[in-house]
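Printed here is upload.cif (mmCIF, C-alpha atoms):
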```
data_model
loop_
_atom_site.label_atom_id
_atom_site.label_comp_id
_atom_site.auth_asym_id
_atom_site.auth_seq_id
_atom_site.Cartn_x
_atom_site.Cartn_y
_atom_site.Cartn_z
CA MET B 204 0.00 0.00 0.00
CA LYS B 205 2.81 2.39 0.94
CA LYS B 206 4.60 1.59 -2.32
CA THR B 207 1.46 2.39 -4.31
CA VAL B 208 0.99 5.72 -2.53
CA GLY B 209 4.64 6.53 -3.12
CA LYS B 210 4.34 5.83 -6.83
CA LEU B 211 1.26 8.01 -7.08
CA MET B 212 3.05 10.86 -5.33
CA ILE B 213 5.98 10.55 -7.74
CA ILE B 214 3.64 10.65 -10.74
CA ALA B 215 1.85 13.70 -9.31
CA GLY B 216 5.18 15.43 -8.80
CA ILE B 217 6.21 14.73 -12.39
CA LEU B 218 2.93 16.20 -13.67
CA ILE B 219 3.38 19.35 -11.60
CA LEU B 220 6.97 19.81 -12.78
CA ALA B 221 5.87 19.27 -16.38
CA ALA B 222 3.16 21.90 -16.00
CA LEU B 223 5.64 24.35 -14.49
CA ALA B 224 8.11 23.78 -17.29
CA PHE B 225 5.40 24.12 -19.90
CA ASN B 226 4.16 27.54 -18.83
CA GLY B 227 7.07 29.06 -16.96
CA GLY B 228 5.51 28.42 -13.56
CA ARG B 229 2.25 30.28 -14.23
CA GLY B 230 -1.31 29.01 -14.38
CA LEU B 231 -1.21 25.40 -13.28
CA PHE B 232 -4.03 23.19 -14.39
CA PHE B 233 -5.76 23.47 -11.01
CA SER B 234 -5.70 27.28 -11.12
CA PRO B 235 -6.28 28.49 -14.71
CA GLU B 236 -5.77 32.14 -15.57
CA LYS B 237 -8.78 33.95 -16.97
CA THR B 238 -7.70 36.19 -19.81
CA LEU B 239 -9.33 38.59 -22.20
CA ASP B 240 -6.92 39.92 -24.79
CA SER B 241 -7.79 42.25 -27.63
CA ALA B 242 -6.15 43.96 -30.58
CA SER B 243 -7.26 46.33 -33.31
CA ALA B 244 -5.96 47.74 -36.59
CA SER B 245 -7.02 50.09 -39.35
CA PRO B 246 -8.08 48.25 -42.53
CA LYS B 247 -6.80 51.09 -44.72
CA LYS B 248 -3.22 49.83 -44.49
CA ILE B 249 -3.94 46.11 -44.12
CA LYS B 250 -3.90 43.91 -47.23
CA SER B 251 -3.64 40.56 -45.49
CA ILE B 252 -5.01 39.10 -42.24
CA ASP B 253 -3.14 36.02 -41.03
CA ILE B 254 -4.62 34.11 -38.05
CA ARG B 255 -2.86 31.17 -36.40
CA SER B 256 -4.06 29.03 -33.52
CA LYS B 257 -3.43 25.53 -32.20
CA SER B 258 -6.59 24.66 -30.29
CA VAL B 259 -8.73 27.78 -30.03
CA THR B 260 -12.02 28.25 -31.88
CA VAL B 261 -11.60 31.01 -34.44
CA THR B 262 -14.63 33.02 -35.58
CA VAL B 263 -14.45 35.75 -38.21
CA LYS B 264 -17.40 38.09 -38.66
CA ALA B 265 -17.98 40.79 -41.26
CA GLU B 266 -19.73 43.83 -39.82
CA ASN B 267 -20.57 47.44 -40.53
CA ARG B 268 -17.50 48.86 -38.79
CA THR B 269 -14.40 50.92 -39.54
CA ASP B 270 -11.68 48.86 -37.85
CA ILE B 271 -10.41 45.30 -37.52
CA ASP B 272 -11.00 44.06 -33.99
CA ALA B 273 -9.78 40.82 -32.41
CA GLU B 274 -10.83 39.58 -28.99
CA LEU B 275 -9.69 36.42 -27.23
CA SER B 276 -11.60 34.95 -24.31
CA GLY B 277 -10.91 31.86 -22.25
CA SER B 278 -8.30 30.36 -19.96
CA ASN B 279 -4.51 30.21 -20.11
CA ALA B 280 -4.22 31.67 -23.60
CA ARG B 281 -2.67 34.82 -24.96
CA LEU B 282 -3.29 36.82 -28.11
CA LYS B 283 -0.32 38.22 -29.96
CA SER B 284 -0.78 40.87 -32.64
CA SER B 285 1.75 42.39 -34.99
CA GLU B 286 1.77 44.35 -38.22
CA ARG B 287 4.44 43.48 -40.75
CA GLY B 288 4.22 45.80 -43.69
CA ASP B 289 0.64 45.54 -44.93
CA ALA B 290 -0.03 42.24 -43.10
CA LEU B 291 -1.85 41.88 -39.77
CA GLU B 292 -0.70 38.76 -37.92
CA LEU B 293 -2.79 37.35 -35.07
CA SER B 294 -1.63 34.31 -33.13
CA VAL B 295 -2.98 32.56 -30.05
CA GLN B 296 -0.51 30.88 -27.73
CA GLN B 297 -1.44 28.49 -24.97
CA GLU B 298 0.20 29.48 -21.69
CA GLY B 299 -1.26 27.01 -19.23
CA PHE B 300 -1.26 23.24 -19.02
CA ARG B 301 -4.82 22.41 -20.08
CA PHE B 302 -5.38 19.39 -17.87
CA PHE B 303 -9.15 19.81 -18.14
CA PHE B 304 -9.87 19.63 -21.84
CA PHE B 305 -13.35 21.11 -21.48
CA GLN B 306 -11.83 24.56 -21.02
CA LYS B 307 -12.84 26.55 -24.09
CA ASN B 308 -11.13 29.51 -25.67
CA GLU B 309 -12.42 31.56 -28.59
CA LEU B 310 -10.89 34.18 -30.80
CA ILE B 311 -13.43 36.48 -32.47
CA VAL B 312 -12.15 38.67 -35.27
CA LYS B 313 -14.48 41.36 -36.60
CA ILE B 314 -13.68 42.93 -39.95
CA PRO B 315 -15.40 45.68 -41.97
CA ASN B 316 -17.76 44.69 -44.76
CA GLU B 317 -15.65 46.86 -47.05
CA TYR B 318 -12.49 44.82 -46.50
CA GLN B 319 -11.57 43.29 -49.88
CA ASP B 320 -8.13 41.76 -49.52
CA ASN B 321 -6.68 38.48 -48.19
CA LEU B 322 -7.60 36.27 -45.23
CA SER B 323 -5.70 33.23 -43.95
CA ILE B 324 -6.61 31.00 -40.97
CA THR B 325 -4.49 28.09 -39.77
CA SER B 326 -5.78 25.98 -36.87
CA GLY B 327 -4.51 22.81 -35.26
CA SER B 328 -7.56 21.35 -33.52
CA GLY B 329 -9.93 24.28 -33.08
CA ASN B 330 -13.03 24.99 -35.13
CA VAL B 331 -13.01 27.71 -37.78
CA LYS B 332 -16.07 29.74 -38.73
CA ILE B 333 -16.43 32.67 -41.13
CA SER B 334 -19.67 34.63 -41.37
CA GLY B 335 -19.08 36.70 -44.48
CA ASP B 336 -22.41 38.51 -44.79
CA GLY B 337 -21.66 39.27 -48.44
CA LEU B 338 -17.93 39.83 -47.94
CA SER B 339 -15.89 39.85 -51.17
CA LEU B 340 -12.19 39.03 -50.84
CA GLN B 341 -9.20 38.35 -53.04
CA LYS B 342 -7.67 35.21 -51.53
CA VAL B 343 -9.04 33.09 -48.68
CA SER B 344 -7.04 30.21 -47.21
CA LEU B 345 -8.36 27.94 -44.42
CA SER B 346 -6.60 24.98 -42.84
CA SER B 347 -7.49 22.87 -39.80
CA GLY B 348 -6.07 19.63 -38.47
CA SER B 349 -8.99 18.15 -36.54
CA GLY B 350 -11.49 20.99 -36.18
CA ASN B 351 -14.62 21.68 -38.19
CA GLN B 352 -14.63 24.50 -40.75
CA LYS B 353 -17.67 26.50 -41.80
CA LEU B 354 -17.75 29.31 -44.34
CA ASP B 355 -20.93 31.26 -45.07
CA GLY B 356 -21.83 34.25 -47.26
CA LEU B 357 -18.54 34.93 -48.96
CA ALA B 358 -17.12 35.60 -52.42
CA ALA B 359 -13.44 35.18 -53.26
CA LYS B 360 -11.23 35.13 -56.31
CA GLU B 361 -9.18 32.30 -54.81
CA LEU B 362 -10.42 29.92 -52.12
CA SER B 363 -8.42 27.14 -50.48
CA VAL B 364 -9.82 24.88 -47.74
CA ARG B 365 -7.79 22.08 -46.16
CA GLY B 366 -9.04 19.64 -43.54
CA THR B 367 -7.43 16.56 -42.01
CA SER B 368 -10.09 14.95 -39.81
CA GLY B 369 -12.81 17.57 -39.32
CA ASN B 370 -15.91 18.37 -41.34
CA ILE B 371 -16.04 21.11 -43.96
CA ARG B 372 -19.16 23.13 -44.77
CA LEU B 373 -19.54 25.94 -47.30
CA GLU B 374 -22.82 27.84 -47.72
CA ASN B 375 -23.59 30.70 -50.11
CA VAL B 376 -20.01 30.79 -51.34
CA GLU B 377 -18.85 32.00 -54.74
CA ALA B 378 -15.28 31.59 -55.93
CA GLU B 379 -13.57 32.19 -59.24
CA GLU B 380 -11.35 29.26 -58.32
CA ALA B 381 -11.78 26.99 -55.28
CA ASP B 382 -9.68 24.07 -54.06
CA VAL B 383 -11.24 21.98 -51.27
CA ARG B 384 -9.35 19.02 -49.81
CA SER B 385 -10.22 16.70 -46.95
CA THR B 386 -8.39 13.64 -45.65
CA SER B 387 -11.02 12.29 -43.27
CA GLY B 388 -14.32 14.03 -42.64
CA ASN B 389 -17.55 14.92 -44.37
CA THR B 390 -17.81 17.82 -46.80
CA LYS B 391 -20.97 19.74 -47.60
CA LEU B 392 -21.24 22.48 -50.21
CA ASP B 393 -24.58 24.27 -50.23
CA ARG B 394 -25.52 26.92 -52.81
CA VAL B 395 -22.01 27.36 -54.13
CA LYS B 396 -20.85 28.73 -57.46
CA GLY B 397 -17.58 28.84 -59.36
CA LYS B 398 -14.71 26.68 -60.53
CA PHE B 399 -14.37 24.00 -57.85
CA ALA B 400 -11.86 21.20 -57.41
CA VAL B 401 -12.78 18.85 -54.55
CA LYS B 402 -10.50 16.05 -53.40
CA GLN B 403 -11.57 13.80 -50.56
CA THR B 404 -9.89 10.69 -49.19
CA SER B 405 -12.49 9.37 -46.74
CA GLY B 406 -15.94 10.75 -45.96
CA SER B 407 -19.15 11.69 -47.71
CA LEU B 408 -19.53 14.63 -50.06
CA GLU B 409 -22.73 16.59 -50.68
CA ALA B 410 -22.51 19.43 -53.18
CA ALA B 411 -25.37 21.65 -54.35
CA PHE B 412 -24.51 24.28 -56.96
CA SER B 413 -26.66 27.36 -57.42
CA ALA B 414 -25.17 27.81 -60.91
CA VAL B 415 -22.60 26.09 -63.10
CA ASP B 416 -20.55 28.52 -65.16
CA ALA B 417 -17.11 26.92 -64.77
CA PRO B 418 -15.53 23.45 -64.72
CA LEU B 419 -16.03 21.16 -61.72
CA ARG B 420 -13.77 18.30 -60.68
CA ILE B 421 -14.45 15.80 -57.88
CA ASN B 422 -11.97 13.13 -56.83
CA GLN B 423 -13.23 10.76 -54.15
CA THR B 424 -11.32 7.81 -52.72
CA SER B 425 -13.80 6.33 -50.23
CA GLY B 426 -17.29 7.63 -49.52
CA ASN B 427 -20.54 8.54 -51.22
CA VAL B 428 -21.01 11.54 -53.49
CA LYS B 429 -24.27 13.43 -53.92
CA LEU B 430 -24.30 16.20 -56.51
CA GLU B 431 -27.19 18.60 -57.14
CA LEU B 432 -27.15 20.76 -60.27
CA PRO B 433 -29.50 23.45 -61.59
CA ASP B 434 -31.81 22.25 -64.35
CA ASP B 435 -30.63 24.94 -66.77
CA ALA B 436 -26.93 24.07 -66.52
CA ASP B 437 -24.92 23.91 -69.75
CA ILE B 438 -22.71 20.91 -68.95
CA ARG B 439 -20.95 17.77 -70.04
CA LEU B 440 -20.59 15.35 -67.14
CA LYS B 441 -18.40 12.27 -66.91
CA ALA B 442 -18.45 10.06 -63.83
CA THR B 443 -16.36 6.92 -63.38
CA LEU B 444 -16.35 4.50 -60.43
CA THR B 445 -14.10 1.59 -59.51
CA SER B 446 -16.50 0.17 -56.93
CA GLY B 447 -20.05 1.36 -56.34
CA ASN B 448 -23.07 2.45 -58.34
CA ILE B 449 -24.11 5.59 -60.22
CA LYS B 450 -27.68 6.80 -60.28
CA HIS B 451 -29.20 10.05 -61.46
CA SER B 452 -32.50 11.88 -61.76
CA TYR B 453 -30.98 14.92 -63.47
CA PRO B 454 -32.70 15.87 -66.76
CA PHE B 455 -29.79 15.31 -69.15
CA ASP B 456 -30.45 15.75 -72.85
CA HIS B 457 -28.36 12.68 -73.59
CA THR B 458 -26.74 9.96 -71.47
CA GLU B 459 -24.66 6.85 -72.01
CA GLY B 460 -22.76 4.40 -69.82
CA ASP B 461 -23.46 1.70 -67.27
CA LYS B 462 -23.77 1.37 -63.48
CA ARG B 463 -20.17 2.50 -62.97
CA THR B 464 -19.81 4.97 -65.81
CA LEU B 465 -22.00 7.87 -66.81
CA ILE B 466 -21.58 10.44 -69.55
CA GLY B 467 -24.33 13.03 -69.73
CA THR B 468 -24.82 16.29 -71.59
CA LYS B 469 -27.16 19.19 -71.05
CA GLY B 470 -27.40 22.08 -73.49
CA ASN B 471 -24.21 22.57 -75.49
CA GLY B 472 -21.98 20.91 -72.90
CA LYS B 473 -20.06 24.11 -72.26
CA ASN B 474 -18.81 23.35 -68.73
CA ASN B 475 -17.08 20.06 -67.96
CA ILE B 476 -17.85 18.13 -64.79
CA GLU B 477 -15.55 15.24 -63.92
CA ILE B 478 -16.22 12.81 -61.09
CA SER B 479 -13.96 9.92 -60.17
CA SER B 480 -14.50 7.60 -57.22
CA THR B 481 -12.63 4.53 -56.04
CA SER B 482 -15.17 3.20 -53.54
CA GLY B 483 -18.65 4.59 -52.96
CA ASN B 484 -21.91 5.45 -54.66
CA VAL B 485 -22.58 8.54 -56.75
CA SER B 486 -25.96 10.23 -57.22
CA ILE B 487 -26.65 13.19 -59.50
CA ASP B 488 -29.88 15.16 -59.14
#
```
Just give me the structure of the file as structure tokens.
Amino acid sequence: MKKTVGKLMIIAGILILAALAFNGGRGLFFSPEKTLDSASASPKKIKSIDIRSKSVTVTVKAENRTDIDAELSGSNARLKSSERGDALELSVQQEGFRFFFFQKNELIVKIPNEYQDNLSITSGSGNVKISGDGLSLQKVSLSSGSGNQKLDGLAAKELSVRGTSGNIRLENVEAEEADVRSTSGNTKLDRVKGKFAVKQTSGSLEAAFSAVDAPLRINQTSGNVKLELPDDADIRLKATLTSGNIKHSYPFDHTEGDKRTLIGTKGNGKNNIEISSTSGNVSID
């Protein structure tokens, strides 16, 4: 019994020393610091907003305002802000040993509706959410390791979304060129428009296009694909499967193929749609 107690005390001591080394002796897991950091900048001289975080939820909101405002709330985290040339860099650093994983931190970044330049968000395990409210940007880049990503009400010339194990959702998004990639997680595109390239390793894909005026390419390794297209689309679609079935209710003018291959045209076939899947079913409506 004494040996067991001794071992437990040694383990507890190691944990305490590790926590002290991790955060410089501040904010142990049994006494978290409550912080509220903020930063602001004028959008007139900012051409790029770069946000980096390991485990904090990042929310970006477009509002009727004249400045860029960032506010971090939560425990044992610190917001760092710097301007390098025309770039605003925001980073969240964890200062405490987060023994209790239910502690939640959130970084809210509010930007003016008139902001029209670049936005980049890189997250390790936190969720990412952008409420664009009609925001129109040049280049948008999102990347998350295991968090969910949601983008709503945004237009961009270039859009890049990367996910490792979280879900991806885009609503009311228009992009001249979009590249969406997911390793493991479900992807949903709702009322999107533009030139999209979607590559997914494992997980289901649902994509509903409000209009088709550019090429579309879908590459799926494992998982089902559901594609919804407007009835008046001018398209030529080719879908090929290694394993699985293809079905469609879309009103093509002409179709050919079998249960694992489909070639369909609507109108003059102006915009090409290519779908390839290794394992999974494909439906086109």
- Residue among B:Gln403, B:Ser452, B:Ser251, B:Ser276 lying closest to Asp320 in chain B, counting only C-alpha atoms: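 Under the stated criterion, the closest residue is B:Ser251.
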- Task: Apply the PyMOL selection byres ((chain B and resi 442) around 9) to the structure shown and report the selected residues as JSON, numbers by chain.
- Result: {"B": [440, 441, 443, 444, 449, 463, 464, 465, 466, 467, 476, 477, 478, 479, 480, 485]}
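CA of Ser339 in chain B sits 25.0 Å away from CA of Leu275 in chain B.
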- Note on the structure: Of B:Asn448, B:Thr458, B:Gln297, B:Gln352, the one sitting nearest Glu374 in chain B when using only C-alpha atoms is B:Gln352
- Point out the residue among B:Lys313, B:Lys391, B:Lys396, B:Arg255 with the least atom-to-atom distance to Ser328 in chain B, counting all atoms listed in the file.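 Nearest to Ser328 in chain B: B:Arg255.
Here the PyMOL selection byres ((chain B and resi 387) around 7) matches the residues Thr367, Ser368, Gly369, Ser385, Thr386, Gly388, Thr404, Ser405 and Gly406 of chain B.
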- Message: At a cut-off of 9 Å around the point (-18.5, 30.7, -47.6) (file coordinates), what residues fall inside when counting only C-alpha atoms? I'd like the answer as a VMD selection string.
- Response: chain B and resid 333 to 335 353 to 359 372 to 378 395
- Take the PyMOL selection byres ((chain B and resi 258) around 7), apply it to the structure above, and return the hits as a PyMOL selection string. chain B and resi 256-257+259-260+326-329
- Quick one: pull the distance between CA of Glu309 in chain B and CA of Arg365 in chain B, Å, one decimal.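 Taking CA of Glu309 in chain B and CA of Arg365 in chain B, their separation equals 20.5 Å.
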- Report the distance between CA of Asp336 in chain B and CA of Asp488 in chain B in Å, rounded to one decimal place.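 CA of Asp488 in chain B lies 28.4 Å from CA of Asp336 in chain B.
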Write out as JSON lines the residues of range 322-414 of chain B that have any atom within 10 Å of an atom of range 289-296 of chain B, one row each with the nearest atom pair and its distance in Å to one decimal, counting all atoms listed in the file, sorted by chain and then rising number.
```
{"residue": "B:Leu322", "atom": "CA", "partner": "B:Leu291", "partner_atom": "CA", "distance": 9.7}
{"residue": "B:Ser323", "atom": "CA", "partner": "B:Glu292", "partner_atom": "CA", "distance": 9.6}
{"residue": "B:Ile324", "atom": "CA", "partner": "B:Leu293", "partner_atom": "CA", "distance": 9.5}
{"residue": "B:Thr325", "atom": "CA", "partner": "B:Ser294", "partner_atom": "CA", "distance": 9.5}
{"residue": "B:Ser326", "atom": "CA", "partner": "B:Val295", "partner_atom": "CA", "distance": 9.9}
```
- Which is closer to Asp437 in chain B than all the others in B:Ala400, B:Ala417, B:Leu310, B:Ala242, using all atoms listed in the file?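 Closest candidate: B:Ala417.
Residues lying within 7 Å of Pro433 in chain B, counting only C-alpha atoms and ignoring same-chain neighbours fewer than 3 positions away, are Phe412, Ser413, Ala414 and Ala436 of chain B.
Among the candidate residues B:Ala381, B:Ala410, B:Leu430, B:Ile254, the one lying nearest to Glu361 in chain B is B:Ala381, with distances computed using only C-alpha atoms.
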- Could you give me, as an MDAnalysis selection string, the residues that have an atom at most 7 Å away from the point (-11.6, 51.6, -36.3) in the coordinates of the file, using only C-alpha atoms? chainID B and resid 244:245 268:271
